[in-house]
>>> print(open('work-v2.json').read())   # JSON, C-alpha atoms
[["chain", "number", "residue", "atom", "x", "y", "z"],
["A", 4, "MET", "CA", 39.61, -49.09, -9.51],
["A", 5, "LEU", "CA", 42.58, -47.15, -8.20],
["A", 6, "LEU", "CA", 43.97, -44.03, -9.91],
["A", 7, "SER", "CA", 46.63, -41.48, -9.04],
["A", 8, "SER", "CA", 45.80, -37.83, -8.49],
["A", 9, "SER", "CA", 46.29, -35.99, -11.79],
["A", 10, "TYR", "CA", 46.05, -32.44, -13.09],
["A", 11, "LEU", "CA", 43.69, -32.28, -16.09],
["A", 12, "PRO", "CA", 44.70, -35.87, -16.86],
["A", 13, "PRO", "CA", 44.92, -37.44, -20.31],
["A", 14, "VAL", "CA", 42.18, -39.20, -22.26],
["A", 15, "HIS", "CA", 43.57, -42.57, -21.08],
["A", 16, "TYR", "CA", 42.68, -41.62, -17.48],
["A", 17, "PHE", "CA", 39.15, -40.62, -18.44],
["A", 18, "ALA", "CA", 38.65, -43.78, -20.45],
["A", 19, "LYS", "CA", 39.06, -45.60, -17.14],
["A", 20, "LEU", "CA", 36.56, -43.27, -15.47],
["A", 21, "PHE", "CA", 34.13, -43.92, -18.33],
["A", 22, "ALA", "CA", 34.50, -47.66, -17.78],
["A", 23, "ALA", "CA", 33.79, -47.14, -14.06],
["A", 24, "ASP", "CA", 30.69, -44.98, -14.58],
["A", 25, "GLY", "CA", 28.48, -45.31, -11.52],
["A", 26, "GLU", "CA", 31.13, -47.25, -9.59],
["A", 27, "GLU", "CA", 33.54, -46.24, -6.85],
["A", 28, "VAL", "CA", 36.98, -45.09, -8.01],
["A", 29, "GLN", "CA", 39.65, -44.54, -5.37],
["A", 30, "VAL", "CA", 42.03, -41.64, -5.95],
["A", 31, "GLU", "CA", 45.39, -42.11, -4.23],
["A", 32, "GLN", "CA", 46.38, -39.44, -1.73],
["A", 33, "TRP", "CA", 48.76, -41.39, 0.53],
["A", 34, "ASP", "CA", 51.54, -42.05, -1.98],
["A", 35, "HIS", "CA", 54.77, -40.07, -2.03],
["A", 36, "TYR", "CA", 54.61, -37.13, -4.41],
["A", 37, "MET", "CA", 56.78, -37.46, -7.52],
["A", 38, "LYS", "CA", 57.58, -34.82, -10.10],
["A", 39, "GLN", "CA", 57.53, -35.39, -13.86],
["A", 40, "THR", "CA", 54.16, -37.16, -13.64],
["A", 41, "TYR", "CA", 50.57, -36.24, -14.38],
["A", 42, "ARG", "CA", 50.18, -35.33, -10.71],
["A", 43, "ASN", "CA", 51.16, -31.74, -11.43],
["A", 44, "ARG", "CA", 51.26, -31.40, -15.21],
["A", 45, "CYS", "CA", 49.05, -31.81, -18.24],
["A", 46, "LEU", "CA", 49.75, -31.92, -21.95],
["A", 47, "ILE", "CA", 47.71, -29.76, -24.32],
["A", 48, "GLY", "CA", 47.73, -29.35, -28.09],
["A", 49, "SER", "CA", 48.96, -25.88, -28.93],
["A", 50, "GLY", "CA", 49.62, -24.36, -32.34],
["A", 51, "ASP", "CA", 53.34, -24.92, -31.77],
["A", 52, "GLY", "CA", 53.04, -28.59, -30.79],
["A", 53, "VAL", "CA", 52.36, -30.48, -27.60],
["A", 54, "LEU", "CA", 52.77, -28.14, -24.62],
["A", 55, "ALA", "CA", 53.34, -29.23, -21.02],
["A", 56, "LEU", "CA", 51.72, -27.09, -18.31],
["A", 57, "PRO", "CA", 53.27, -27.79, -14.89],
["A", 58, "VAL", "CA", 51.71, -26.64, -11.61],
["A", 59, "PRO", "CA", 54.54, -25.44, -9.32],
["A", 60, "THR", "CA", 54.60, -26.91, -5.82],
["A", 61, "GLU", "CA", 56.19, -25.78, -2.60],
["A", 62, "LYS", "CA", 59.34, -27.50, -1.43],
["A", 63, "ALA", "CA", 58.58, -30.13, 1.22],
["A", 64, "ASP", "CA", 60.20, -29.93, 4.66],
["A", 65, "GLY", "CA", 61.54, -33.48, 4.40],
["A", 66, "PRO", "CA", 62.89, -35.68, 1.58],
["A", 67, "LYS", "CA", 59.44, -37.11, 0.88],
["A", 68, "CYS", "CA", 55.95, -35.64, 0.99],
["A", 69, "LEU", "CA", 52.60, -37.38, 0.83],
["A", 70, "MET", "CA", 50.42, -36.37, -2.11],
["A", 71, "LYS", "CA", 47.69, -35.15, 0.23],
["A", 72, "ASP", "CA", 50.13, -32.68, 1.82],
["A", 73, "VAL", "CA", 51.59, -31.16, -1.35],
["A", 74, "ARG", "CA", 50.95, -27.43, -1.44],
["A", 75, "ILE", "CA", 50.59, -25.39, -4.61],
["A", 76, "SER", "CA", 53.11, -22.58, -5.06],
["A", 77, "ASP", "CA", 52.31, -19.15, -6.49],
["A", 78, "HIS", "CA", 55.65, -19.13, -8.30],
["A", 79, "GLY", "CA", 55.76, -17.68, -11.80],
["A", 80, "ASP", "CA", 52.15, -16.47, -11.89],
["A", 81, "TRP", "CA", 51.36, -19.95, -13.19],
["A", 82, "ARG", "CA", 47.55, -19.54, -13.06],
["A", 83, "ARG", "CA", 47.67, -16.70, -15.56],
["A", 84, "VAL", "CA", 50.22, -18.59, -17.67],
["A", 85, "HIS", "CA", 48.06, -21.72, -17.78],
["A", 86, "TRP", "CA", 44.85, -19.86, -18.54],
["A", 87, "ASN", "CA", 46.52, -17.85, -21.31],
["A", 88, "ALA", "CA", 47.95, -21.07, -22.77],
["A", 89, "LEU", "CA", 44.56, -22.79, -22.70],
["A", 90, "THR", "CA", 42.94, -19.76, -24.30],
["A", 91, "ALA", "CA", 45.59, -19.51, -27.01],
["A", 92, "ALA", "CA", 45.36, -23.23, -27.79],
["A", 93, "TYR", "CA", 41.60, -23.65, -27.70],
["A", 94, "ALA", "CA", 39.86, -20.32, -28.32],
["A", 95, "GLY", "CA", 39.33, -21.46, -31.90],
["A", 96, "THR", "CA", 37.70, -24.76, -30.95],
["A", 97, "PRO", "CA", 33.94, -25.28, -31.18],
["A", 98, "PHE", "CA", 33.35, -25.60, -27.44],
["A", 99, "PHE", "CA", 35.87, -23.40, -25.62],
["A", 100, "LEU", "CA", 33.42, -20.52, -25.23],
["A", 101, "TYR", "CA", 30.79, -22.97, -24.02],
["A", 102, "TYR", "CA", 32.99, -24.34, -21.21],
["A", 103, "GLU", "CA", 35.36, -21.50, -20.33],
["A", 104, "ASP", "CA", 33.23, -20.11, -17.50],
["A", 105, "ALA", "CA", 33.34, -23.52, -15.79],
["A", 106, "PHE", "CA", 37.15, -23.68, -15.91],
["A", 107, "ARG", "CA", 38.08, -20.05, -15.38],
["A", 108, "PRO", "CA", 37.45, -19.99, -11.58],
["A", 109, "PHE", "CA", 40.14, -22.64, -11.09],
["A", 110, "TYR", "CA", 42.66, -20.12, -12.40],
["A", 111, "GLU", "CA", 41.30, -17.22, -10.37],
["A", 112, "GLN", "CA", 40.95, -18.90, -6.97],
["A", 113, "ARG", "CA", 43.78, -20.23, -4.85],
["A", 114, "PHE", "CA", 43.64, -23.88, -3.85],
["A", 115, "PRO", "CA", 46.17, -24.58, -1.07],
["A", 116, "PHE", "CA", 46.60, -28.29, -1.83],
["A", 117, "LEU", "CA", 47.34, -29.93, -5.18],
["A", 118, "PHE", "CA", 45.24, -33.03, -4.41],
["A", 119, "ASP", "CA", 42.10, -30.97, -3.80],
["A", 120, "PHE", "CA", 42.72, -28.85, -6.90],
["A", 121, "ASN", "CA", 43.16, -31.92, -9.08],
["A", 122, "LEU", "CA", 40.14, -33.72, -7.68],
["A", 123, "ARG", "CA", 37.79, -30.76, -8.16],
["A", 124, "LEU", "CA", 38.93, -30.40, -11.78],
["A", 125, "VAL", "CA", 38.42, -34.09, -12.50],
["A", 126, "GLU", "CA", 34.95, -33.92, -10.94],
["A", 127, "LEU", "CA", 34.13, -30.93, -13.16],
["A", 128, "CYS", "CA", 35.29, -32.73, -16.30],
["A", 129, "CYS", "CA", 33.23, -35.80, -15.37],
["A", 130, "ARG", "CA", 30.11, -33.64, -15.04],
["A", 131, "LEU", "CA", 30.74, -31.92, -18.36],
["A", 132, "ILE", "CA", 31.24, -35.26, -20.12],
["A", 133, "ASP", "CA", 28.22, -36.73, -18.29],
["A", 134, "ILE", "CA", 29.94, -39.64, -16.59],
["A", 135, "HIS", "CA", 29.42, -40.28, -12.91],
["A", 136, "PRO", "CA", 32.11, -42.39, -11.23],
["A", 137, "ARG", "CA", 32.14, -42.00, -7.45],
["A", 138, "LEU", "CA", 35.57, -40.46, -6.78],
["A", 139, "VAL", "CA", 36.73, -41.31, -3.27],
["A", 140, "PRO", "CA", 40.14, -40.34, -1.78],
["A", 141, "THR", "CA", 42.01, -43.33, -0.39],
["A", 142, "THR", "CA", 42.13, -43.76, 3.39],
["A", 143, "ASP", "CA", 45.51, -45.54, 3.50],
["A", 144, "TYR", "CA", 48.28, -46.64, 1.17],
["A", 145, "ARG", "CA", 48.23, -49.94, -0.67],
["A", 146, "PRO", "CA", 51.46, -50.93, -2.45],
["A", 147, "CYS", "CA", 51.24, -50.80, -6.22],
["A", 148, "GLU", "CA", 50.34, -54.06, -7.91],
["A", 149, "PRO", "CA", 51.54, -53.87, -11.54],
["A", 150, "CYS", "CA", 49.52, -56.94, -12.50],
["A", 151, "ALA", "CA", 46.32, -55.87, -10.75],
["A", 152, "ALA", "CA", 43.65, -55.22, -13.35],
["A", 153, "ASP", "CA", 42.18, -52.27, -11.45],
["A", 154, "ASP", "CA", 45.38, -50.49, -10.32],
["A", 155, "TYR", "CA", 46.33, -47.73, -12.77],
["A", 156, "ARG", "CA", 48.30, -45.48, -10.41],
["A", 157, "GLU", "CA", 51.64, -46.00, -12.15],
["A", 158, "ARG", "CA", 50.37, -47.35, -15.46],
["A", 159, "ILE", "CA", 48.94, -44.00, -16.56],
["A", 160, "HIS", "CA", 52.22, -42.11, -16.55],
["A", 161, "PRO", "CA", 54.02, -39.80, -19.02],
["A", 162, "LYS", "CA", 56.95, -42.23, -19.18],
["A", 163, "HIS", "CA", 54.81, -45.33, -19.72],
["A", 164, "PRO", "CA", 53.31, -45.49, -23.23],
["A", 165, "TYR", "CA", 49.56, -45.92, -23.34],
["A", 166, "THR", "CA", 50.13, -48.73, -25.84],
["A", 167, "ASP", "CA", 51.19, -50.89, -22.86],
["A", 168, "ASP", "CA", 47.54, -50.95, -21.77],
["A", 169, "PRO", "CA", 45.68, -53.58, -23.84],
["A", 170, "THR", "CA", 42.31, -52.19, -22.70],
["A", 171, "PHE", "CA", 42.83, -48.71, -24.16],
["A", 172, "ARG", "CA", 43.04, -47.46, -27.71],
["A", 173, "PRO", "CA", 43.07, -43.72, -28.51],
["A", 174, "ALA", "CA", 40.08, -43.01, -30.73],
["A", 175, "PRO", "CA", 40.79, -40.18, -33.19],
["A", 176, "TYR", "CA", 38.67, -37.05, -33.01],
["A", 177, "TRP", "CA", 38.70, -33.60, -34.60],
["A", 178, "GLN", "CA", 41.49, -31.34, -33.28],
["A", 179, "VAL", "CA", 41.87, -27.66, -34.07],
["A", 180, "PHE", "CA", 45.49, -27.93, -35.27],
["A", 181, "ALA", "CA", 45.22, -31.31, -37.00],
["A", 182, "ASP", "CA", 45.97, -29.73, -40.39],
["A", 183, "ARG", "CA", 49.36, -28.68, -39.00],
["A", 184, "TRP", "CA", 50.30, -31.57, -36.71],
["A", 185, "GLY", "CA", 47.99, -34.43, -37.54],
["A", 186, "PHE", "CA", 46.07, -36.18, -34.79],
["A", 187, "ARG", "CA", 47.87, -36.07, -31.43],
["A", 188, "PRO", "CA", 46.57, -38.86, -29.18],
["A", 189, "ASN", "CA", 46.14, -38.95, -25.41],
["A", 190, "LEU", "CA", 46.38, -35.25, -24.65],
["A", 191, "SER", "CA", 44.67, -33.69, -21.61],
["A", 192, "ILE", "CA", 40.94, -34.25, -21.31],
["A", 193, "VAL", "CA", 40.42, -30.54, -22.01],
["A", 194, "ASP", "CA", 41.68, -31.11, -25.55],
["A", 195, "LEU", "CA", 38.85, -33.59, -26.09],
["A", 196, "LEU", "CA", 36.25, -31.43, -24.32],
["A", 197, "PHE", "CA", 37.04, -28.17, -26.09],
["A", 198, "ASN", "CA", 37.23, -29.83, -29.49],
["A", 199, "MET", "CA", 34.30, -32.25, -29.22],
["A", 200, "GLY", "CA", 31.99, -31.02, -26.46],
["A", 201, "PRO", "CA", 29.12, -33.45, -25.68],
["A", 202, "GLU", "CA", 30.51, -35.93, -28.21],
["A", 203, "SER", "CA", 33.45, -36.51, -25.83],
["A", 204, "LEU", "CA", 31.31, -39.24, -24.27],
["A", 205, "PHE", "CA", 31.20, -41.19, -27.53],
["A", 206, "VAL", "CA", 34.93, -40.75, -28.12],
["A", 207, "LEU", "CA", 35.65, -42.25, -24.69],
["A", 208, "GLN", "CA", 33.35, -45.13, -25.54],
["A", 209, "GLN", "CA", 35.37, -45.76, -28.69],
["A", 210, "CYS", "CA", 38.56, -45.79, -26.59],
["A", 211, "GLN", "CA", 37.42, -48.94, -24.80],
["A", 212, "LYS", "CA", 39.09, -52.16, -25.87],
["A", 213, "ASN", "CA", 38.17, -55.53, -24.45],
["A", 214, "GLU", "CA", 36.11, -53.87, -21.73],
["A", 215, "ASN", "CA", 32.37, -53.77, -21.19],
["A", 216, "HIS", "CA", 30.81, -50.67, -22.73],
["A", 217, "ARG", "CA", 28.38, -48.84, -20.58]]
>>> encode(input="work-v2.json", output="structure tokens")
Amino acid sequence: MLLSSSYLPPVHYFAKLFAADGEEVQVEQWDHYMKQTYRNRCLIGSGDGVLALPVPTEKADGPKCLMKDVRISDHGDWRRVHWNALTAAYAGTPFFLYYEDAFRPFYEQRFPFLFDFNLRLVELCCRLIDIHPRLVPTTDYRPCEPCAADDYRERIHPKHPYTDDPTFRPAPYWQVFADRWGFRPNLSIVDLLFNMGPESLFVLQQCQKNENHR
């Protein structure tokens, strides 16, 4: 399986990691970095609606920059902004206090490169959910194959609806602001973790469609 690098990626992304439990999953680092993707932004469920949290990046020297070389910027005190937004959105969930000490260091330390930051966060989320795909950075670039069953680099994308993937269905779960907004599908994995805790594993299982359950 081949996935793009993503910042606290959506449930769709983790449904693929669930399906690949115990198997090797390649994470692309040799593609050209593109903005307005999950590479540097996640979507969380706040009390005011769906909120996008972008990680600022430094301007590249040339017109294109490989994902592995993208550096995180300190612009706008974004770490504090993101942590405050996560706290405001999820402090009232059943499992935020249980997991906050695992996530907080990512907003206190400085990671020079976006790829490393993303990968460490995905590895943390996998451990908390109790799935164990072997995440391996790619060693070279392979052109995207839209019809390839195992290539999700551009298929899990904010501008591509998850409904285009016949192997994924968003399973509903309890959300802290559901009384105000109803169920909001395919938010960042932290929305599932903070709301459902250990039961996140079973929600991901229910997201599988026409795939082998583990």
>>> residues_around(input="work-v2.json", residues="Pro188 of chain A", least_positions_apart="2", cutoff="12 Å", atoms="only C-alpha atoms", output="number ranges by chain")
A: 13-15, 46-48, 53, 164-166, 171-178, 181, 184-186, 190-192, 194-195, 206, 210
>>> closest_residue(input="work-v2.json", among="A:Leu6, A:Ile75, A:Val84, A:Leu127", to="Ala23 of chain A", atoms="only C-alpha atoms")
A:Leu6
>>> atom_distance(input="work-v2.json", atom1="atom CA of Phe21 of chain A", atom2="atom CA of Leu196 of chain A")
14.0 Å
>>> closest_residue(input="work-v2.json", among="A:Asn87, A:Ser76, A:Asn198, A:Ser8", to="Tyr101 of chain A", atoms="only C-alpha atoms")
A:Asn198
>>> residues_around(input="work-v2.json", residues="Pro136 of chain A", least_positions_apart="2", cutoff="10 Å", atoms="all atoms listed in the file", output="PyMOL selection string")
chain A and resi 19-29+126+129-130+133-134+138-139
>>> write_last_selection(input="work-v2.json", atoms="C-alpha atoms", output="CSV table (one decimal), in the coordinates of the input")
chain,number,residue,atom,x,y,z
A,19,LYS,CA,39.1,-45.6,-17.1
A,20,LEU,CA,36.6,-43.3,-15.5
A,21,PHE,CA,34.1,-43.9,-18.3
A,22,ALA,CA,34.5,-47.7,-17.8
A,23,ALA,CA,33.8,-47.1,-14.1
A,24,ASP,CA,30.7,-45.0,-14.6
A,25,GLY,CA,28.5,-45.3,-11.5
A,26,GLU,CA,31.1,-47.2,-9.6
A,27,GLU,CA,33.5,-46.2,-6.8
A,28,VAL,CA,37.0,-45.1,-8.0
A,29,GLN,CA,39.6,-44.5,-5.4
A,126,GLU,CA,35.0,-33.9,-10.9
A,129,CYS,CA,33.2,-35.8,-15.4
A,130,ARG,CA,30.1,-33.6,-15.0
A,133,ASP,CA,28.2,-36.7,-18.3
A,134,ILE,CA,29.9,-39.6,-16.6
A,138,LEU,CA,35.6,-40.5,-6.8
A,139,VAL,CA,36.7,-41.3,-3.3
>>> atom_distance(input="work-v2.json", atom1="atom CA of Cys147 of chain A", atom2="atom CA of Lys71 of chain A")
17.3 Å
>>> atom_distance(input="work-v2.json", atom1="atom CA of Asp182 of chain A", atom2="atom CA of Pro97 of chain A")
15.8 Å
>>> closest_residue(input="work-v2.json", among="A:Thr142, A:Asp80, A:Ala55, A:Ala63", to="Asp34 of chain A", atoms="all atoms listed in the file")
A:Thr142
>>> closest_residue(input="work-v2.json", among="A:Ala105, A:Ala18, A:Ala94, A:Leu69", to="Leu131 of chain A", atoms="only C-alpha atoms")
A:Ala105
>>> residues_near_point(input="work-v2.json", point="(44.6, -20.3, -11.2)", cutoff="9 Å", atoms="all atoms listed in the file", output="list in words")
Asp80, Trp81, Arg82, Arg83, Val84, His85, Trp86, Arg107, Pro108, Phe109, Tyr110, Glu111, Gln112, Arg113 and Phe114 of chain A
>>> residues_around(input="work-v2.json", residues="Ala152 of chain A", least_positions_apart="2", cutoff="12 Å", atoms="only C-alpha atoms", output="CSV table (one decimal) with C-alpha atoms, in the coordinates of the input")
chain,number,residue,atom,x,y,z
A,4,MET,CA,39.6,-49.1,-9.5
A,5,LEU,CA,42.6,-47.2,-8.2
A,6,LEU,CA,44.0,-44.0,-9.9
A,19,LYS,CA,39.1,-45.6,-17.1
A,147,CYS,CA,51.2,-50.8,-6.2
A,148,GLU,CA,50.3,-54.1,-7.9
A,149,PRO,CA,51.5,-53.9,-11.5
A,150,CYS,CA,49.5,-56.9,-12.5
A,154,ASP,CA,45.4,-50.5,-10.3
A,155,TYR,CA,46.3,-47.7,-12.8
A,156,ARG,CA,48.3,-45.5,-10.4
A,158,ARG,CA,50.4,-47.4,-15.5
A,168,ASP,CA,47.5,-51.0,-21.8
A,169,PRO,CA,45.7,-53.6,-23.8
A,170,THR,CA,42.3,-52.2,-22.7
A,214,GLU,CA,36.1,-53.9,-21.7
>>> axis_aligned_box(input="work-v2.json", around="segment 96-115 of chain A", padding_each_side="6 Å", output="JSON")
{"center_x": 38.5, "center_y": -21.4, "center_z": -16.1, "size_x": 27.4, "size_y": 20.4, "size_z": 42.1}
>>> closest_residue(input="work-v2.json", among="A:Lys212, A:His160, A:Lys62, A:Arg187", to="Gln39 of chain A", atoms="all atoms listed in the file")
A:His160
>>> closest_residue(input="work-v2.json", among="A:Tyr144, A:Ser9, A:Phe116, A:Ala91", to="Trp33 of chain A", atoms="all atoms listed in the file")
A:Tyr144
>>> decode(input="work-v2.json", residues="segment 66-138 of chain A", atoms="C-alpha atoms", output="short mmCIF file (atom, residue, chain, number, x, y, z; two decimals), in the first residue's frame")
data_model
loop_
_atom_site.label_atom_id
_atom_site.label_comp_id
_atom_site.auth_asym_id
_atom_site.auth_seq_id
_atom_site.Cartn_x
_atom_site.Cartn_y
_atom_site.Cartn_z
CA PRO A 66 9.44 26.35 -7.84
CA LYS A 67 9.07 22.79 -6.54
CA CYS A 68 10.14 21.07 -3.34
CA LEU A 69 10.20 17.39 -2.49
CA MET A 70 8.01 16.40 0.44
CA LYS A 71 11.01 15.09 2.35
CA ASP A 72 12.65 18.52 2.18
CA VAL A 73 9.70 20.65 3.30
CA ARG A 74 10.57 22.56 6.45
CA ILE A 75 8.06 23.63 9.08
CA SER A 76 7.82 27.37 9.70
CA ASP A 77 7.36 28.99 13.11
CA HIS A 78 5.04 31.56 11.58
CA GLY A 79 2.00 32.61 13.59
CA ASP A 80 2.83 30.64 16.74
CA TRP A 81 0.95 27.80 15.06
CA ARG A 82 1.85 25.15 17.68
CA ARG A 83 0.08 27.10 20.40
CA VAL A 84 -2.83 27.85 18.05
CA HIS A 85 -3.25 24.17 17.14
CA TRP A 86 -2.98 22.93 20.70
CA ASN A 87 -5.47 25.52 21.94
CA ALA A 88 -7.86 24.55 19.13
CA LEU A 89 -7.57 20.85 19.95
CA THR A 90 -8.12 21.58 23.62
CA ALA A 91 -11.14 23.79 22.96
CA ALA A 92 -12.68 21.22 20.60
CA TYR A 93 -12.01 18.07 22.60
CA ALA A 94 -11.54 18.90 26.29
CA GLY A 95 -15.13 17.79 26.83
CA THR A 96 -14.67 14.40 25.15
CA PRO A 97 -14.33 11.20 27.16
CA PHE A 98 -10.71 10.51 26.21
CA PHE A 99 -8.93 13.84 25.73
CA LEU A 100 -7.46 13.82 29.23
CA TYR A 101 -6.39 10.22 28.73
CA TYR A 102 -4.40 11.00 25.56
CA GLU A 103 -3.35 14.64 25.90
CA ASP A 104 0.06 13.87 27.41
CA ALA A 105 0.91 11.75 24.37
CA PHE A 106 0.07 14.56 21.92
CA ARG A 107 1.23 17.61 23.84
CA PRO A 108 4.99 17.13 23.18
CA PHE A 109 4.37 17.47 19.43
CA TYR A 110 3.23 21.04 20.10
CA GLU A 111 6.08 21.85 22.47
CA GLN A 112 9.02 20.48 20.47
CA ARG A 113 10.24 21.76 17.14
CA PHE A 114 10.39 19.29 14.26
CA PRO A 115 12.44 20.75 11.39
CA PHE A 116 10.79 18.69 8.63
CA LEU A 117 7.08 18.22 7.95
CA PHE A 118 7.49 14.62 6.76
CA ASP A 119 9.11 13.54 10.04
CA PHE A 120 6.51 15.40 12.09
CA ASN A 121 3.65 13.78 10.21
CA LEU A 122 5.13 10.30 10.36
CA ARG A 123 5.76 10.42 14.11
CA LEU A 124 2.18 11.55 14.72
CA VAL A 125 0.75 8.78 12.55
CA GLU A 126 2.90 6.23 14.37
CA LEU A 127 1.60 7.56 17.71
CA CYS A 128 -2.02 7.30 16.58
CA CYS A 129 -1.45 3.74 15.35
CA ARG A 130 -0.08 2.75 18.76
CA LEU A 131 -2.99 4.36 20.59
CA ILE A 132 -5.52 2.61 18.35
CA ASP A 133 -3.55 -0.66 18.62
CA ILE A 134 -2.90 -1.24 14.93
CA HIS A 135 0.58 -2.09 13.72
CA PRO A 136 1.22 -1.40 10.04
CA ARG A 137 4.92 -1.15 9.20
CA LEU A 138 5.30 2.45 8.01
#
